[in-house]
file my_file.txt (compact mmCIF, C-alpha atoms)
# COMPACT_ATOMS: atom_id res chain seq x y z
CA MET A 14 -16.16 -14.12 -15.33
CA GLY A 15 -16.45 -17.83 -15.94
CA SER A 16 -19.93 -18.18 -14.42
CA PHE A 17 -21.55 -15.25 -16.24
CA VAL A 18 -24.74 -16.46 -17.92
CA PRO A 19 -26.55 -14.10 -20.34
CA ASN A 20 -30.35 -14.08 -20.54
CA THR A 21 -32.56 -14.18 -23.58
CA ASP A 22 -35.30 -11.70 -24.53
CA ARG A 23 -37.90 -14.24 -23.46
CA GLU A 24 -36.25 -14.66 -20.05
CA GLN A 25 -36.14 -10.89 -19.63
CA GLU A 26 -39.86 -10.70 -20.39
CA GLU A 27 -40.56 -13.39 -17.79
CA MET A 28 -38.52 -11.55 -15.18
CA LEU A 29 -40.31 -8.26 -15.92
CA LYS A 30 -43.68 -10.01 -15.63
CA GLU A 31 -42.68 -11.61 -12.31
CA ALA A 32 -41.65 -8.19 -11.02
CA GLY A 33 -44.98 -6.70 -12.11
CA TYR A 34 -43.86 -4.71 -15.15
CA LYS A 35 -44.89 -4.85 -18.81
CA SER A 36 -41.61 -3.49 -20.20
CA PHE A 37 -38.32 -1.86 -19.23
CA ASP A 38 -39.89 1.55 -19.95
CA ASP A 39 -42.61 0.65 -17.49
CA MET A 40 -40.01 -0.41 -14.89
CA PHE A 41 -38.16 2.91 -15.19
CA SER A 42 -41.31 5.06 -15.36
CA CYS A 43 -40.50 6.44 -11.90
CA ILE A 44 -37.59 8.37 -13.45
CA PRO A 45 -38.70 11.86 -14.59
CA ASP A 46 -39.16 11.98 -18.35
CA GLU A 47 -37.02 15.12 -18.73
CA VAL A 48 -33.88 13.41 -17.39
CA ARG A 49 -34.21 10.18 -19.39
CA LEU A 50 -32.04 9.68 -22.47
CA LYS A 51 -34.25 9.41 -25.57
CA ARG A 52 -31.55 8.33 -28.01
CA PRO A 53 -29.06 5.43 -28.28
CA LEU A 54 -25.66 5.95 -26.66
CA ASN A 55 -22.95 7.15 -29.03
CA LEU A 56 -20.96 3.92 -28.87
CA PRO A 57 -19.25 1.95 -31.64
CA SER A 58 -20.72 -1.36 -32.70
CA GLY A 59 -19.55 -4.50 -30.91
CA LEU A 60 -16.55 -6.57 -31.97
CA SER A 61 -16.09 -10.30 -32.25
CA GLU A 62 -13.85 -12.01 -29.70
CA MET A 63 -11.00 -12.21 -32.20
CA GLU A 64 -11.35 -8.54 -33.13
CA ALA A 65 -11.57 -7.47 -29.50
CA ILE A 66 -8.39 -9.36 -28.55
CA ARG A 67 -6.55 -7.89 -31.54
CA LYS A 68 -7.68 -4.38 -30.56
CA MET A 69 -6.56 -4.84 -26.95
CA GLU A 70 -3.17 -6.12 -28.07
CA GLU A 71 -2.72 -3.05 -30.27
CA ILE A 72 -3.52 -0.77 -27.34
CA SER A 73 -1.24 -2.68 -24.94
CA GLU A 74 1.70 -2.28 -27.31
CA LYS A 75 1.70 1.42 -26.45
CA ASN A 76 2.92 0.50 -22.95
CA VAL A 77 6.65 0.40 -22.27
CA THR A 78 7.53 -2.77 -20.40
CA PHE A 79 10.89 -3.14 -18.67
CA LYS A 80 12.32 -6.61 -18.05
CA HIS A 81 14.75 -5.31 -15.44
CA ILE A 82 13.58 -3.00 -12.64
CA PHE A 83 15.78 -1.06 -10.22
CA ARG A 84 13.13 1.32 -8.93
CA GLY A 85 11.18 1.08 -5.66
CA ALA A 86 10.15 4.18 -3.69
CA GLY A 87 7.02 2.55 -2.31
CA ALA A 88 6.18 -0.04 -4.99
CA TYR A 89 8.46 -3.08 -5.19
CA ASN A 90 9.00 -5.79 -7.79
CA HIS A 91 8.97 -8.92 -5.61
CA TYR A 92 8.40 -12.47 -6.78
CA ILE A 93 4.79 -13.61 -6.34
CA PRO A 94 4.24 -17.39 -6.03
CA ALA A 95 1.72 -18.75 -8.56
CA ILE A 96 -0.56 -20.03 -5.81
CA VAL A 97 -1.36 -16.44 -4.74
CA LYS A 98 -3.24 -15.58 -7.92
CA SER A 99 -4.65 -19.12 -8.13
CA VAL A 100 -6.42 -18.64 -4.79
CA THR A 101 -7.36 -14.97 -4.95
CA ALA A 102 -8.72 -15.16 -8.52
CA LYS A 103 -11.50 -17.49 -7.43
CA GLU A 104 -14.84 -15.84 -8.14
CA GLU A 105 -15.98 -16.41 -4.57
CA PHE A 106 -13.36 -13.84 -3.50
CA VAL A 107 -13.20 -11.54 -6.52
CA THR A 108 -16.95 -10.80 -6.55
CA THR A 109 -17.42 -10.48 -2.78
CA TYR A 110 -18.05 -6.94 -1.56
CA THR A 111 -17.22 -5.45 1.83
CA PRO A 112 -18.88 -7.68 4.46
CA TYR A 113 -21.46 -5.36 6.00
CA GLN A 114 -23.73 -8.31 6.74
CA ALA A 115 -21.53 -10.41 8.98
CA GLU A 116 -23.94 -13.29 9.30
CA ILE A 117 -23.79 -14.11 5.56
CA SER A 118 -20.09 -13.51 4.94
CA GLN A 119 -18.35 -16.11 7.08
CA GLY A 120 -15.75 -17.01 4.45
CA VAL A 121 -14.67 -13.41 3.89
CA LEU A 122 -14.75 -12.68 7.62
CA GLN A 123 -12.49 -15.68 8.26
CA SER A 124 -10.02 -14.51 5.62
CA ILE A 125 -9.91 -11.06 7.22
CA PHE A 126 -9.45 -12.58 10.67
CA GLU A 127 -6.49 -14.61 9.40
CA TYR A 128 -5.05 -11.49 7.73
CA GLN A 129 -5.32 -9.58 11.03
CA THR A 130 -3.60 -12.42 12.86
CA MET A 131 -0.70 -12.48 10.40
CA MET A 132 -0.26 -8.70 10.56
CA CYS A 133 -0.08 -8.91 14.35
CA GLU A 134 2.61 -11.59 14.09
CA LEU A 135 4.51 -9.49 11.56
CA THR A 136 4.40 -6.24 13.55
CA GLY A 137 4.48 -7.73 17.04
CA MET A 138 1.31 -5.82 17.94
CA ASP A 139 -1.78 -7.13 19.75
CA VAL A 140 -4.46 -6.17 17.26
CA ALA A 141 -4.76 -5.17 13.60
CA ASN A 142 -7.73 -3.78 11.71
CA ALA A 143 -9.29 -5.17 8.54
CA SER A 144 -7.04 -3.00 6.32
CA HIS A 145 -6.85 0.42 4.70
CA TYR A 146 -6.84 1.88 1.21
CA ASP A 147 -3.02 2.08 1.08
CA GLY A 148 0.01 2.80 3.23
CA ALA A 149 -0.25 6.58 2.90
CA THR A 150 -3.86 6.74 4.10
CA ALA A 151 -3.04 4.33 6.93
CA ALA A 152 -0.30 6.75 8.09
CA ALA A 153 -2.71 9.67 7.84
CA GLU A 154 -5.41 7.76 9.73
CA SER A 155 -2.97 7.15 12.60
CA ILE A 156 -2.96 10.85 13.50
CA PRO A 157 -6.56 11.02 14.81
CA MET A 158 -5.76 7.97 16.95
CA CYS A 159 -3.08 9.95 18.76
CA LYS A 160 -4.89 13.26 19.19
CA ASP A 161 -6.86 14.35 22.24
CA ARG A 162 -8.01 17.65 23.70
CA LYS A 163 -4.56 18.56 24.99
CA HIS A 164 -2.48 17.10 22.15
CA LYS A 165 -3.48 18.45 18.74
CA VAL A 166 -0.23 18.87 16.76
CA ALA A 167 1.15 16.05 14.63
CA TYR A 168 4.80 15.68 13.66
CA VAL A 169 6.25 13.76 10.73
CA SER A 170 9.87 13.13 9.83
CA SER A 171 10.96 14.65 6.52
CA THR A 172 12.50 11.25 5.72
CA VAL A 173 9.01 9.76 5.29
CA HIS A 174 7.90 9.09 1.70
CA PRO A 175 6.92 12.47 0.13
CA GLY A 176 3.67 10.98 -1.17
CA THR A 177 2.74 9.85 2.32
CA ILE A 178 3.46 13.30 3.72
CA GLN A 179 1.23 14.86 1.05
CA VAL A 180 -1.68 12.57 2.01
CA MET A 181 -1.10 13.39 5.68
CA GLU A 182 -1.20 17.10 4.84
CA THR A 183 -4.52 16.62 3.05
CA TYR A 184 -6.06 14.76 5.98
CA CYS A 185 -4.74 17.32 8.49
CA PHE A 186 -6.08 20.21 6.42
CA GLY A 187 -9.53 18.65 6.45
CA SER A 188 -9.48 18.11 10.23
CA ASN A 189 -7.85 21.45 11.14
CA THR A 190 -4.82 19.61 12.49
CA LYS A 191 -1.40 21.23 12.41
CA LEU A 192 1.26 19.03 10.78
CA VAL A 193 4.92 19.86 11.39
CA GLN A 194 7.85 18.33 9.49
CA VAL A 195 10.97 17.38 11.44
CA PRO A 196 14.16 18.08 9.44
CA SER A 197 16.67 15.39 8.56
CA LYS A 198 20.42 15.14 9.03
CA ASP A 199 22.66 12.77 7.07
CA GLY A 200 19.61 11.03 5.63
CA VAL A 201 17.85 10.32 8.93
CA THR A 202 15.60 12.20 11.35
CA ASP A 203 17.48 14.94 13.24
CA MET A 204 16.99 13.72 16.81
CA ASP A 205 18.33 16.87 18.47
CA LYS A 206 15.89 19.08 16.60
CA LEU A 207 13.08 16.63 17.21
CA ALA A 208 13.70 16.67 20.96
CA LYS A 209 13.74 20.48 21.00
CA MET A 210 10.61 20.78 18.86
CA LEU A 211 8.66 18.41 21.08
CA LYS A 212 9.94 20.01 24.27
CA ASP A 213 8.75 23.43 23.08
CA ASP A 214 5.32 22.11 22.07
CA PRO A 215 3.05 20.86 24.89
CA GLU A 216 0.37 20.09 22.29
CA ALA A 217 2.50 17.52 20.41
CA ALA A 218 0.33 14.46 19.73
CA CYS A 219 2.58 12.12 17.78
CA LEU A 220 5.54 11.56 15.51
CA VAL A 221 5.22 9.51 12.33
CA MET A 222 8.49 8.04 11.05
CA GLN A 223 9.34 5.47 8.38
CA GLN A 224 11.51 2.38 8.79
CA PRO A 225 13.50 1.99 6.62
CA ASN A 226 12.97 5.57 5.54
CA PHE A 227 12.39 6.97 2.06
CA TYR A 228 16.14 6.98 1.39
CA GLY A 229 16.32 3.31 2.32
CA ILE A 230 18.22 3.96 5.57
CA TYR A 231 17.51 2.27 8.89
CA GLU A 232 16.74 4.86 11.55
CA ASP A 233 17.30 4.42 15.29
CA ALA A 234 13.60 3.82 15.87
CA THR A 235 14.04 2.82 19.51
CA LYS A 236 15.75 6.11 20.33
CA LEU A 237 13.16 8.10 18.38
CA GLY A 238 10.41 6.36 20.33
CA GLU A 239 12.07 7.25 23.63
CA ILE A 240 12.30 10.93 22.66
CA VAL A 241 8.65 10.99 21.59
CA HIS A 242 7.36 9.23 24.70
CA GLU A 243 9.44 11.47 26.96
CA ALA A 244 7.51 14.39 25.49
CA GLY A 245 4.20 12.67 26.23
CA ALA A 246 3.37 11.99 22.57
CA LYS A 247 2.60 8.82 20.62
CA PHE A 248 5.08 7.06 18.35
CA VAL A 249 3.90 5.86 14.92
CA MET A 250 6.08 3.66 12.72
CA SER A 251 5.45 3.21 8.99
CA VAL A 252 7.23 -0.01 8.04
CA ASN A 253 8.12 -2.15 5.03
CA PRO A 254 6.47 -5.56 5.63
CA ILE A 255 9.27 -7.49 3.89
CA ALA A 256 11.92 -5.71 5.95
CA LEU A 257 10.02 -6.68 9.12
CA SER A 258 11.24 -10.24 8.67
CA VAL A 259 14.83 -9.15 9.37
CA MET A 260 14.52 -6.02 11.52
CA LYS A 261 13.05 -5.14 14.91
CA THR A 262 9.28 -5.10 14.96
CA PRO A 263 7.41 -1.86 15.78
CA ALA A 264 6.41 -3.45 19.09
CA GLU A 265 10.08 -4.06 19.95
CA CYS A 266 10.83 -0.42 19.13
CA GLY A 267 8.09 0.81 21.45
CA ALA A 268 5.70 2.03 18.75
CA ASP A 269 2.13 2.91 19.70
CA VAL A 270 0.87 2.38 16.16
CA ALA A 271 2.33 0.42 13.23
CA VAL A 272 1.27 1.24 9.68
CA GLY A 273 2.55 0.49 6.21
CA ASP A 274 1.77 -0.47 2.65
CA GLY A 275 1.17 -4.16 2.00
CA GLN A 276 2.00 -3.98 -1.71
CA PRO A 277 5.18 -6.09 -1.28
CA LEU A 278 3.00 -8.89 0.10
CA GLY A 279 1.95 -10.49 -3.18
CA MET A 280 0.59 -7.50 -5.08
CA PRO A 281 2.12 -6.63 -8.46
CA ILE A 282 3.20 -3.06 -9.18
CA ALA A 283 0.15 -2.83 -11.48
CA TYR A 284 0.48 0.82 -12.54
CA GLY A 285 0.13 1.94 -8.91
CA GLY A 286 -2.65 -0.18 -7.48
CA PRO A 287 -4.82 -1.43 -6.02
CA TYR A 288 -2.64 -1.82 -2.96
CA LEU A 289 -3.23 -2.40 0.72
CA GLY A 290 -2.70 -0.33 3.84
CA PHE A 291 -2.21 -2.09 7.17
CA MET A 292 -2.52 -0.81 10.71
CA ALA A 293 -1.80 -2.51 14.02
CA ALA A 294 -1.57 -1.40 17.64
CA PRO A 295 -1.31 -2.69 21.23
CA LYS A 296 -4.47 -3.47 23.22
CA SER A 297 -4.36 -0.05 24.86
CA MET A 298 -5.01 1.58 21.47
CA MET A 299 -7.49 -1.01 20.17
CA ARG A 300 -10.64 1.10 20.54
CA LYS A 301 -9.00 3.97 18.69
CA LEU A 302 -8.27 1.90 15.59
CA PRO A 303 -10.26 3.15 12.59
CA GLY A 304 -12.23 0.90 10.29
CA ARG A 305 -13.33 -2.51 11.46
CA ILE A 306 -11.95 -5.51 13.33
CA VAL A 307 -13.12 -9.09 12.78
CA GLY A 308 -13.24 -11.28 15.86
CA GLU A 309 -13.67 -14.99 16.51
CA THR A 310 -16.56 -16.33 18.59
CA THR A 311 -18.97 -19.30 18.68
CA ASP A 312 -22.50 -19.57 17.32
CA ASP A 313 -25.57 -20.87 19.17
CA LYS A 314 -24.46 -24.42 18.41
CA GLY A 315 -20.98 -23.94 19.80
CA ASN A 316 -19.27 -23.89 16.41
CA ARG A 317 -16.51 -21.44 15.60
CA ALA A 318 -17.81 -18.28 13.92
CA TYR A 319 -16.58 -14.83 12.94
CA VAL A 320 -18.16 -11.42 13.51
CA LEU A 321 -17.36 -7.76 13.02
CA THR A 322 -16.30 -7.15 16.62
CA LEU A 323 -15.49 -3.44 16.36
CA GLN A 324 -16.89 -1.13 13.69
CA ALA A 325 -15.66 2.41 14.27
CA ARG A 326 -17.16 3.78 11.06
CA GLU A 327 -19.96 6.27 10.55
CA GLN A 328 -21.98 3.55 8.76
CA HIS A 329 -22.15 1.66 12.04
CA ILE A 330 -22.01 4.21 14.85
CA ARG A 331 -22.79 7.90 15.35
CA ARG A 332 -20.73 10.10 13.05
CA GLU A 333 -19.28 12.18 15.88
CA LYS A 334 -18.07 8.98 17.53
CA ALA A 335 -16.51 7.50 14.38
CA SER A 336 -12.72 7.33 14.37
CA SER A 337 -12.63 7.13 10.58
CA ASN A 338 -15.11 8.23 7.98
CA ILE A 339 -13.20 7.31 4.86
CA CYS A 340 -10.95 4.32 5.56
CA SER A 341 -11.54 1.46 3.15
CA ASN A 342 -11.49 -2.28 3.70
CA GLN A 343 -9.31 -3.74 0.94
CA ALA A 344 -10.62 -7.25 1.53
CA LEU A 345 -9.30 -8.85 -1.67
CA CYS A 346 -5.87 -7.23 -1.26
CA ALA A 347 -5.81 -8.31 2.39
CA LEU A 348 -6.58 -11.85 1.27
CA THR A 349 -3.75 -11.59 -1.26
CA ALA A 350 -1.33 -10.59 1.50
CA SER A 351 -2.50 -13.50 3.64
CA VAL A 352 -2.05 -16.04 0.86
CA TYR A 353 1.38 -14.60 0.03
CA MET A 354 2.58 -14.77 3.65
CA ALA A 355 1.21 -18.30 4.05
CA ALA A 356 2.90 -19.44 0.84
CA MET A 357 6.24 -17.81 1.65
CA GLY A 358 6.32 -18.62 5.33
CA ALA A 359 8.67 -16.93 7.78
CA ASP A 360 11.75 -18.45 6.15
CA GLY A 361 10.65 -17.46 2.65
CA MET A 362 10.00 -13.85 3.61
CA LYS A 363 13.31 -13.69 5.43
CA GLU A 364 15.05 -15.05 2.33
CA ALA A 365 13.37 -12.40 0.14
CA ALA A 366 14.46 -9.68 2.57
CA THR A 367 18.01 -11.02 2.84
CA GLN A 368 18.43 -11.24 -0.94
CA SER A 369 16.95 -7.76 -1.39
CA THR A 370 19.38 -6.13 1.00
CA SER A 371 22.46 -8.12 -0.05
CA LYS A 372 21.86 -7.30 -3.70
CA ALA A 373 21.35 -3.62 -2.88
CA HIS A 374 24.76 -3.54 -1.21
CA TYR A 375 26.32 -5.32 -4.20
CA LEU A 376 24.75 -2.83 -6.61
CA MET A 377 25.87 0.15 -4.56
CA ASP A 378 29.47 -1.11 -4.56
CA ALA A 379 29.29 -1.73 -8.31
CA LEU A 380 27.86 1.74 -9.02
CA LYS A 381 30.46 3.30 -6.76
CA LYS A 382 33.23 1.65 -8.79
CA ALA A 383 31.49 2.82 -11.98
CA GLY A 384 31.72 6.45 -10.86
CA LEU A 385 28.58 7.20 -8.85
CA LYS A 386 28.85 8.58 -5.32
CA PRO A 387 26.63 7.29 -2.47
CA MET A 388 24.90 10.21 -0.75
CA PHE A 389 24.66 8.74 2.76
CA SER A 390 26.72 6.35 4.87
CA GLY A 391 23.97 4.91 7.10
CA GLU A 392 22.94 1.25 7.09
CA PHE A 393 20.26 0.59 4.49
CA PHE A 394 17.80 -2.13 3.51
CA ASN A 395 17.19 -2.46 -0.25
CA GLU A 396 17.31 1.19 -1.38
CA PHE A 397 20.06 3.79 -1.50
CA ILE A 398 20.80 7.17 -3.07
CA THR A 399 23.67 8.15 -5.36
CA ASP A 400 24.88 11.37 -6.87
CA CYS A 401 25.14 11.10 -10.69
CA PRO A 402 27.75 13.44 -12.22
CA CYS A 403 26.42 12.69 -15.72
CA GLY A 404 22.88 13.75 -14.84
CA SER A 405 19.88 11.68 -13.77
CA ASP A 406 17.89 11.91 -17.00
CA LYS A 407 20.84 11.08 -19.23
CA LEU A 408 21.71 8.08 -17.07
CA LEU A 409 18.16 6.72 -16.91
CA ASP A 410 17.66 7.20 -20.65
CA ALA A 411 20.80 5.16 -21.33
CA LEU A 412 19.48 2.36 -19.13
CA ALA A 413 16.01 2.51 -20.70
CA GLU A 414 17.53 1.96 -24.15
CA LYS A 415 18.76 -1.41 -22.86
CA GLY A 416 15.35 -2.35 -21.41
CA ILE A 417 16.29 -1.38 -17.84
CA LEU A 418 14.14 0.79 -15.57
CA GLY A 419 16.69 2.64 -13.47
CA GLY A 420 16.20 4.24 -10.08
CA LEU A 421 13.85 7.09 -9.24
CA PRO A 422 15.29 10.53 -10.11
CA LEU A 423 14.99 12.85 -7.11
CA THR A 424 16.88 15.81 -8.57
CA GLU A 425 18.92 16.53 -11.69
CA ASN A 426 21.85 14.57 -10.26
CA VAL A 427 20.37 12.34 -7.55
CA VAL A 428 18.82 8.87 -8.04
CA LEU A 429 17.15 6.50 -5.57
CA TRP A 430 18.05 2.90 -6.48
CA CYS A 431 16.31 -0.29 -5.38
CA THR A 432 16.83 -4.05 -5.64
CA THR A 433 14.73 -7.07 -4.69
CA GLU A 434 15.25 -10.82 -4.94
CA MET A 435 14.15 -10.48 -8.59
CA ASN A 436 17.39 -8.77 -9.64
CA THR A 437 20.31 -10.94 -10.78
CA LYS A 438 24.04 -10.36 -10.59
CA GLU A 439 24.18 -10.18 -14.39
CA GLU A 440 21.57 -7.40 -14.43
CA MET A 441 23.41 -5.40 -11.79
CA ASP A 442 26.74 -5.82 -13.59
CA GLN A 443 25.09 -4.61 -16.80
CA VAL A 444 23.76 -1.49 -15.05
CA ALA A 445 27.20 -0.75 -13.63
CA SER A 446 28.77 -1.29 -17.06
CA ILE A 447 26.35 1.16 -18.71
CA VAL A 448 26.99 3.74 -15.99
CA ALA A 449 30.75 3.39 -16.28
CA ALA A 450 30.63 3.76 -20.06
CA LEU A 451 28.39 6.80 -19.83
CA ILE A 452 30.63 8.56 -17.33
CA SER A 453 33.77 7.76 -19.32
CA GLY A 454 32.13 8.90 -22.55
CA LYS A 455 32.30 5.47 -24.18
CA GLU A 456 29.41 3.33 -25.43
CA ALA A 457 28.45 0.39 -23.21
call {"tool": "encode", "arguments": {"input": "my_file.txt", "output": "structure tokens"}}
result
Amino acid sequence: MGSFVPNTDREQEEMLKEAGYKSFDDMFSCIPDEVRLKRPLNLPSGLSEMEAIRKMEEISEKNVTFKHIFRGAGAYNHYIPAIVKSVTAKEEFVTTYTPYQAEISQGVLQSIFEYQTMMCELTGMDVANASHYDGATAAAESIPMCKDRKHKVAYVSSTVHPGTIQVMETYCFGSNTKLVQVPSKDGVTDMDKLAKMLKDDPEAACLVMQQPNFYGIYEDATKLGEIVHEAGAKFVMSVNPIALSVMKTPAECGADVAVGDGQPLGMPIAYGGPYLGFMAAPKSMMRKLPGRIVGETTDDKGNRAYVLTLQAREQHIRREKASSNICSNQALCALTASVYMAAMGADGMKEAATQSTSKAHYLMDALKKAGLKPMFSGEFFNEFITDCPCGSDKLLDALAEKGILGGLPLTENVVLWCTTEMNTKEEMDQVASIVAALISGKEA
């Protein structure tokens, strides 16, 4: 940190004296003697700056870095404008903790308010909360919003990301909630089976679906919503925020809750995190939103000010009344998403989405010509699945040798591919060339 200032022994002595202590041992005398460590920590001696940098470089060389990425499945390699890191790396933001004390955190509260506003514009909803830990926990947190005394069973499409379903199962286990998976057909939710399952279950509380789904396919979300609402349940859509710039919003599809992972909004893949979960809903569901909501008001002088308007957490209200006991406010990640959306603008995000989907279709056609078979025929965004006659591992190993991270292997012969605006035609042609050579038995 650029503003870190060390203190000398003399300054430490002055601080101890001011606090009323003679020494550090005196300051920690309240700690029982039997639990205090009486020896130095078993740590190596310190290194100089040059030695430390050299050591870190040696360690980092153990990582495998791919220049070309064709894998998504929840974490996407989008371009991040330089201004995003320039703004969010400011110490005023990096060192700021969750704003429990609203009256001294106006800057952070304003940034959260602006994030909420942008998420509402993106999803078409009326209100958004201050953020969640990630997309999977946001989806899981949507279930308690939809439950009541008569509706206690949650449904989830099997086309939702497997990791998200696992988190939902964990949450439901802890709350004694039954979670039922709806089977798929041709890569999308089986609507006929869904309608029958909901009709036979008067306790159905909600359906959680993903758009586009885990296989990259666009589902008929409007029709799914109609089936769910006809059964008296709530409709939850987990959405890709980049895809929202070119597809119907959750509000237009009739969703009661919109959730998703904000990682594509300016956050690097970063070994899996930290990411951002978002949640938005219409006004009718506002008081069931977990976490916190920042609102705009005026102070005693009539100036614009920001406050924590709703705080449905056990830290703020009675535990039995809390709608969420574990949801996290990813304030810095939310700020990152806000800066990214402001820098890109509506046109920029639409361009990123358009390039992502057009390149995915180009890659699929190229891989099809190279000998791979697409698994599904539905319309897709930037991900698709192919059957690999040469075997997934063999194919991905061949790509890795050329510095290319191929798609995600789902089975021995099935791969989930992904493209974003970061992929070039030359890269995609190279992948297709390697695949064709591997299938034909020739070297690429």
call {"tool": "atom_distance", "arguments": {"input": "my_file.txt", "atom1": "atom CA of A:Arg305", "atom2": "atom CA of A:Lys163"}}
result
26.5 Å
call {"tool": "closest_atom_pairs", "arguments": {"input": "my_file.txt", "of": "stretch 34-152 of chain A", "to": "stretch 268-275 of chain A", "cutoff": "10 Å", "atoms": "all atoms listed in the file", "output": "tab-separated table"}}
result
residue	atom	partner	partner_atom	distance
A:Gly87	CA	A:Asp274	CA	7.8
A:Ala88	CA	A:Asp274	CA	8.8
A:Met132	CA	A:Gly275	CA	9.8
A:Cys133	CA	A:Ala271	CA	9.7
A:Thr136	CA	A:Ala271	CA	7.0
A:Gly137	CA	A:Ala271	CA	9.2
A:Met138	CA	A:Ala271	CA	7.9
A:Ala141	CA	A:Ala271	CA	9.0
A:Ser144	CA	A:Gly275	CA	9.3
A:His145	CA	A:Asp274	CA	8.9
A:Tyr146	CA	A:Asp274	CA	9.0
A:Asp147	CA	A:Asp274	CA	5.6
A:Gly148	CA	A:Asp274	CA	3.8
A:Ala149	CA	A:Asp274	CA	7.3
A:Thr150	CA	A:Gly273	CA	9.2
A:Ala151	CA	A:Val272	CA	6.0
A:Ala152	CA	A:Val272	CA	5.9
call {"tool": "write_last_selection", "arguments": {"input": "my_file.txt", "atoms": "C-alpha atoms", "output": "mmCIF file, in the frame of the given file"}}
result
data_model
loop_
_atom_site.group_PDB
_atom_site.id
_atom_site.type_symbol
_atom_site.label_atom_id
_atom_site.label_comp_id
_atom_site.auth_asym_id
_atom_site.auth_seq_id
_atom_site.Cartn_x
_atom_site.Cartn_y
_atom_site.Cartn_z
ATOM 1 C CA GLY A 87 7.020 2.550 -2.310
ATOM 2 C CA ALA A 88 6.180 -0.040 -4.990
ATOM 3 C CA MET A 132 -0.260 -8.700 10.560
ATOM 4 C CA CYS A 133 -0.080 -8.910 14.350
ATOM 5 C CA THR A 136 4.400 -6.240 13.550
ATOM 6 C CA GLY A 137 4.480 -7.730 17.040
ATOM 7 C CA MET A 138 1.310 -5.820 17.940
ATOM 8 C CA ALA A 141 -4.760 -5.170 13.600
ATOM 9 C CA SER A 144 -7.040 -3.000 6.320
ATOM 10 C CA HIS A 145 -6.850 0.420 4.700
ATOM 11 C CA TYR A 146 -6.840 1.880 1.210
ATOM 12 C CA ASP A 147 -3.020 2.080 1.080
ATOM 13 C CA GLY A 148 0.010 2.800 3.230
ATOM 14 C CA ALA A 149 -0.250 6.580 2.900
ATOM 15 C CA THR A 150 -3.860 6.740 4.100
ATOM 16 C CA ALA A 151 -3.040 4.330 6.930
ATOM 17 C CA ALA A 152 -0.300 6.750 8.090
#
call {"tool": "closest_residue", "arguments": {"input": "my_file.txt", "among": "A:Ile230, A:Ala293, A:Lys372, A:Ala218", "to": "A:His242", "atoms": "all atoms listed in the file"}}
result
A:Ala218
call {"tool": "atom_distance", "arguments": {"input": "my_file.txt", "atom1": "atom CA of A:Val48", "atom2": "atom CA of A:Ala32"}}
result
23.8 Å
call {"tool": "closest_residue", "arguments": {"input": "my_file.txt", "among": "A:Tyr375, A:Tyr128, A:Tyr168, A:Phe79", "to": "A:Ala413", "atoms": "only C-alpha atoms"}}
result
A:Phe79
call {"tool": "build_atoms", "arguments": {"input": "my_file.txt", "residues": "stretch 299-306 of chain A", "atoms": "N, CA, C and O atoms", "output": "mmCIF file, keeping the file's coordinate frame"}}
result
data_model
loop_
_atom_site.group_PDB
_atom_site.id
_atom_site.type_symbol
_atom_site.label_atom_id
_atom_site.label_comp_id
_atom_site.auth_asym_id
_atom_site.auth_seq_id
_atom_site.Cartn_x
_atom_site.Cartn_y
_atom_site.Cartn_z
ATOM 1 N N MET A 299 -6.568 -0.237 21.009
ATOM 2 C CA MET A 299 -7.490 -1.010 20.170
ATOM 3 C C MET A 299 -8.754 -0.232 19.826
ATOM 4 O O MET A 299 -9.187 -0.203 18.668
ATOM 5 N N ARG A 300 -9.364 0.424 20.793
ATOM 6 C CA ARG A 300 -10.640 1.100 20.540
ATOM 7 C C ARG A 300 -10.467 2.419 19.797
ATOM 8 O O ARG A 300 -11.462 3.077 19.484
ATOM 9 N N LYS A 301 -9.239 2.783 19.501
ATOM 10 C CA LYS A 301 -9.000 3.970 18.690
ATOM 11 C C LYS A 301 -8.669 3.627 17.246
ATOM 12 O O LYS A 301 -8.511 4.514 16.412
ATOM 13 N N LEU A 302 -8.546 2.317 16.970
ATOM 14 C CA LEU A 302 -8.270 1.900 15.590
ATOM 15 C C LEU A 302 -9.446 2.245 14.685
ATOM 16 O O LEU A 302 -10.589 1.966 15.030
ATOM 17 N N PRO A 303 -9.182 2.845 13.541
ATOM 18 C CA PRO A 303 -10.260 3.150 12.590
ATOM 19 C C PRO A 303 -10.679 1.905 11.824
ATOM 20 O O PRO A 303 -10.006 0.881 11.847
ATOM 21 N N GLY A 304 -11.788 2.009 11.130
ATOM 22 C CA GLY A 304 -12.230 0.900 10.290
ATOM 23 C C GLY A 304 -12.967 -0.154 11.074
ATOM 24 O O GLY A 304 -13.803 0.137 11.911
ATOM 25 N N ARG A 305 -12.625 -1.408 10.823
ATOM 26 C CA ARG A 305 -13.330 -2.510 11.460
ATOM 27 C C ARG A 305 -12.346 -3.607 11.876
ATOM 28 O O ARG A 305 -11.258 -3.727 11.301
ATOM 29 N N ILE A 306 -12.748 -4.381 12.849
ATOM 30 C CA ILE A 306 -11.950 -5.510 13.330
ATOM 31 C C ILE A 306 -12.845 -6.745 13.358
ATOM 32 O O ILE A 306 -13.935 -6.719 13.927
#
